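First comes the structure, then the notes that go with it.
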Amino acid sequence: MNADSSESKRMYKLSDASNLTFLIGKEICQVAIGSYDVQFSWGNGGISVWCKFLYKPAGTADEIVWAGEQPESATPTVRLLKSLITSVKCSEEGTLQLSFSNGDQLEIFEDERYESFSIQDGKGPTIIV
């Protein structure tokens, strides 16, 4: 990870070496869909997405792309409520891949031009990608 540090926030470029294993076991208790963002929250933290994600519900061939517009396209992600994050992978391109206990998958993409998403665990500084 390359970090540009500040006291309360850190800017990161994710890589496959990023250590985000603290996300494993987090239960999604809220999915909030705004005009230009989607938030997946647990207890005292969450992930806010401003750029783009690909959502793959288990048991279907559907792939839902949310690209920062059309809030209604994110509504299928409410299936993640009460699901646990079971695995976390980071690619060299900056994609965060999450798998859930219900079999669903979520890929969150980095955009080099903009802040794409943030991760807050309620303990450490906010990670902004």
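FYI, nothing fancy with the structure tokens labels: chains A, B, ... in order, residues from 1 per chain, ligands from 1 as they appear.
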Per residue of range 21-75 of chain A within 6 Å of range 101-114 of chain A, what are the shortest atom pair and its distance in Å to one decimal, counting only C-alpha atoms, with rows by chain and residue number, as a Markdown table?
```
| residue | atom | partner | partner_atom | distance |
| --- | --- | --- | --- | --- |
| A:Lys52 | CA | A:Phe109 | CA | 5.6 |
| A:Phe53 | CA | A:Ile108 | CA | 4.3 |
| A:Leu54 | CA | A:Glu107 | CA | 5.1 |
| A:Tyr55 | CA | A:Leu106 | CA | 4.6 |
| A:Lys56 | CA | A:Gln105 | CA | 5.1 |
| A:Pro57 | CA | A:Asp104 | CA | 4.5 |
| A:Ala58 | CA | A:Asp104 | CA | 4.7 |
```
Output C-alpha atoms for every residue in that selection, as a compact mmCIF listing (two decimals), in the first residue's frame.
```txt
# COMPACT_ATOMS: atom_id res chain seq x y z
CA LYS A 52 -18.45 1.89 -9.27
CA PHE A 53 -19.24 -1.61 -8.07
CA LEU A 54 -20.32 -4.91 -9.55
CA TYR A 55 -22.76 -6.96 -7.49
CA LYS A 56 -23.28 -10.67 -8.19
CA PRO A 57 -26.21 -12.21 -6.29
CA ALA A 58 -25.79 -15.93 -5.59
```
Nearby residues (only C-alpha atoms) at most 7 Å from range 20-29 of chain A, same-chain spacing under 6 positions excluded, as a PDB file with N, CA and C atoms, in the first residue's frame:
```pdb
ATOM      1  N   PHE A  40     -22.416   0.382   2.820  1.00  0.00           N
ATOM      2  CA  PHE A  40     -22.624  -0.940   3.409  1.00  0.00           C
ATOM      3  C   PHE A  40     -22.050  -0.863   4.813  1.00  0.00           C
ATOM      4  N   SER A  41     -22.903  -0.915   5.831  1.00  0.00           N
ATOM      5  CA  SER A  41     -22.458  -0.656   7.201  1.00  0.00           C
ATOM      6  C   SER A  41     -22.584  -1.872   8.093  1.00  0.00           C
ATOM      7  N   TRP A  42     -21.709  -1.901   9.093  1.00  0.00           N
ATOM      8  CA  TRP A  42     -21.766  -2.880  10.177  1.00  0.00           C
ATOM      9  C   TRP A  42     -21.555  -2.100  11.465  1.00  0.00           C
ATOM     10  N   LEU A  80     -27.720  -8.182   0.986  1.00  0.00           N
ATOM     11  CA  LEU A  80     -26.539  -8.338   1.841  1.00  0.00           C
ATOM     12  C   LEU A  80     -26.849  -8.142   3.322  1.00  0.00           C
ATOM     13  N   LEU A  81     -28.026  -7.614   3.646  1.00  0.00           N
ATOM     14  CA  LEU A  81     -28.384  -7.422   5.052  1.00  0.00           C
ATOM     15  C   LEU A  81     -28.318  -8.744   5.806  1.00  0.00           C
ATOM     16  N   LYS A  82     -27.716  -8.724   6.970  1.00  0.00           N
ATOM     17  CA  LYS A  82     -27.513  -9.874   7.861  1.00  0.00           C
ATOM     18  C   LYS A  82     -26.499 -10.887   7.326  1.00  0.00           C
ATOM     19  N   SER A  83     -25.808 -10.554   6.232  1.00  0.00           N
ATOM     20  CA  SER A  83     -24.766 -11.435   5.698  1.00  0.00           C
ATOM     21  C   SER A  83     -23.407 -11.022   6.264  1.00  0.00           C
ATOM     22  N   LEU A  84     -22.554 -12.022   6.446  1.00  0.00           N
ATOM     23  CA  LEU A  84     -21.198 -11.777   6.936  1.00  0.00           C
ATOM     24  C   LEU A  84     -20.225 -11.725   5.768  1.00  0.00           C
ATOM     25  N   ILE A  85     -19.216 -10.879   5.875  1.00  0.00           N
ATOM     26  CA  ILE A  85     -18.126 -10.889   4.907  1.00  0.00           C
ATOM     27  C   ILE A  85     -17.275 -12.118   5.211  1.00  0.00           C
ATOM     28  N   THR A  86     -17.097 -12.985   4.219  1.00  0.00           N
ATOM     29  CA  THR A  86     -16.366 -14.241   4.428  1.00  0.00           C
ATOM     30  C   THR A  86     -14.983 -14.241   3.794  1.00  0.00           C
ATOM     31  N   SER A  87     -14.769 -13.410   2.775  1.00  0.00           N
ATOM     32  CA  SER A  87     -13.426 -13.311   2.196  1.00  0.00           C
ATOM     33  C   SER A  87     -13.221 -11.937   1.584  1.00  0.00           C
ATOM     34  N   VAL A  88     -11.946 -11.537   1.554  1.00  0.00           N
ATOM     35  CA  VAL A  88     -11.542 -10.233   1.035  1.00  0.00           C
ATOM     36  C   VAL A  88     -10.335 -10.438   0.139  1.00  0.00           C
TER      37      VAL A  88
END
```
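Picture a line from CA of Gly59 in chain A to CA of Gln30 in chain A; it runs 22.2 Å.
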Which polymer residues have any atom within 8 Å of an atom of range 74-78 of chain A, counting only C-alpha atoms, with same-chain residues fewer than 3 positions away left out, as a PyMOL selection string?
chain A and resi 31+33+38+55+64-66+70-71+81
Residues of the last selection are to be written out with N, CA and C atoms, as a short mmCIF file (atom, residue, chain, number, x, y, z; two decimals), in the first residue's frame.
```
data_model
loop_
_atom_site.label_atom_id
_atom_site.label_comp_id
_atom_site.auth_asym_id
_atom_site.auth_seq_id
_atom_site.Cartn_x
_atom_site.Cartn_y
_atom_site.Cartn_z
N VAL A 31 -27.79 -1.12 4.51
CA VAL A 31 -27.42 -0.73 3.15
C VAL A 31 -28.14 0.59 2.91
N ILE A 33 -28.66 3.77 0.33
CA ILE A 33 -28.51 4.16 -1.06
C ILE A 33 -28.83 5.65 -1.18
N VAL A 38 -23.35 4.63 -2.22
CA VAL A 38 -24.00 3.49 -1.57
C VAL A 38 -23.12 3.12 -0.39
N TYR A 55 -22.12 -6.10 -8.49
CA TYR A 55 -22.76 -6.96 -7.49
C TYR A 55 -23.26 -8.22 -8.18
N ILE A 64 -24.98 -6.90 -11.50
CA ILE A 64 -25.53 -5.57 -11.42
C ILE A 64 -24.40 -4.58 -11.27
N VAL A 65 -24.35 -3.63 -12.18
CA VAL A 65 -23.32 -2.60 -12.14
C VAL A 65 -23.95 -1.31 -11.65
N TRP A 66 -23.34 -0.73 -10.61
CA TRP A 66 -23.72 0.59 -10.14
C TRP A 66 -22.52 1.49 -10.40
N GLN A 70 -28.05 6.66 -11.00
CA GLN A 70 -29.22 5.79 -10.95
C GLN A 70 -29.27 4.98 -9.64
N PRO A 71 -29.63 5.62 -8.54
CA PRO A 71 -29.65 4.95 -7.24
C PRO A 71 -30.45 3.66 -7.23
N LEU A 81 -28.03 -7.61 3.65
CA LEU A 81 -28.38 -7.42 5.05
C LEU A 81 -28.32 -8.74 5.81
#
```
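As for CA of Ile128 in chain A and CA of Gly94 in chain A, they are spaced 11.7 Å apart.
If you measure from each of A:Ser73, A:Ser48, A:Gln39, A:Gln97 to Val129 in chain A using only C-alpha atoms, the closest one turns out to be A:Ser48.
For range 53-119 of chain A, the set of residues given strand (DSSP E or B) by DSSP on the backbone reads Phe53, Leu54, Tyr55, Lys56, Ile64, Val65, Trp66, Leu84, Ile85, Thr86, Ser87, Val88, Lys89, Cys90, Leu96, Gln97, Leu98, Ser99, Phe100, Gln105, Leu106, Glu107, Ile108, Phe109, Phe117, Ser118 and Ile119 of chain A.
The residue that comes closest to Gln120 in chain A, out of A:Val49, A:Cys90, A:Ala67, A:Ala32 and on the basis of only C-alpha atoms, is A:Val49.
Considering the residues A:Glu72, A:Gly45, A:Thr95, A:Arg79 and counting only C-alpha atoms, Ser116 in chain A has its shortest atom-to-atom contact with A:Thr95.
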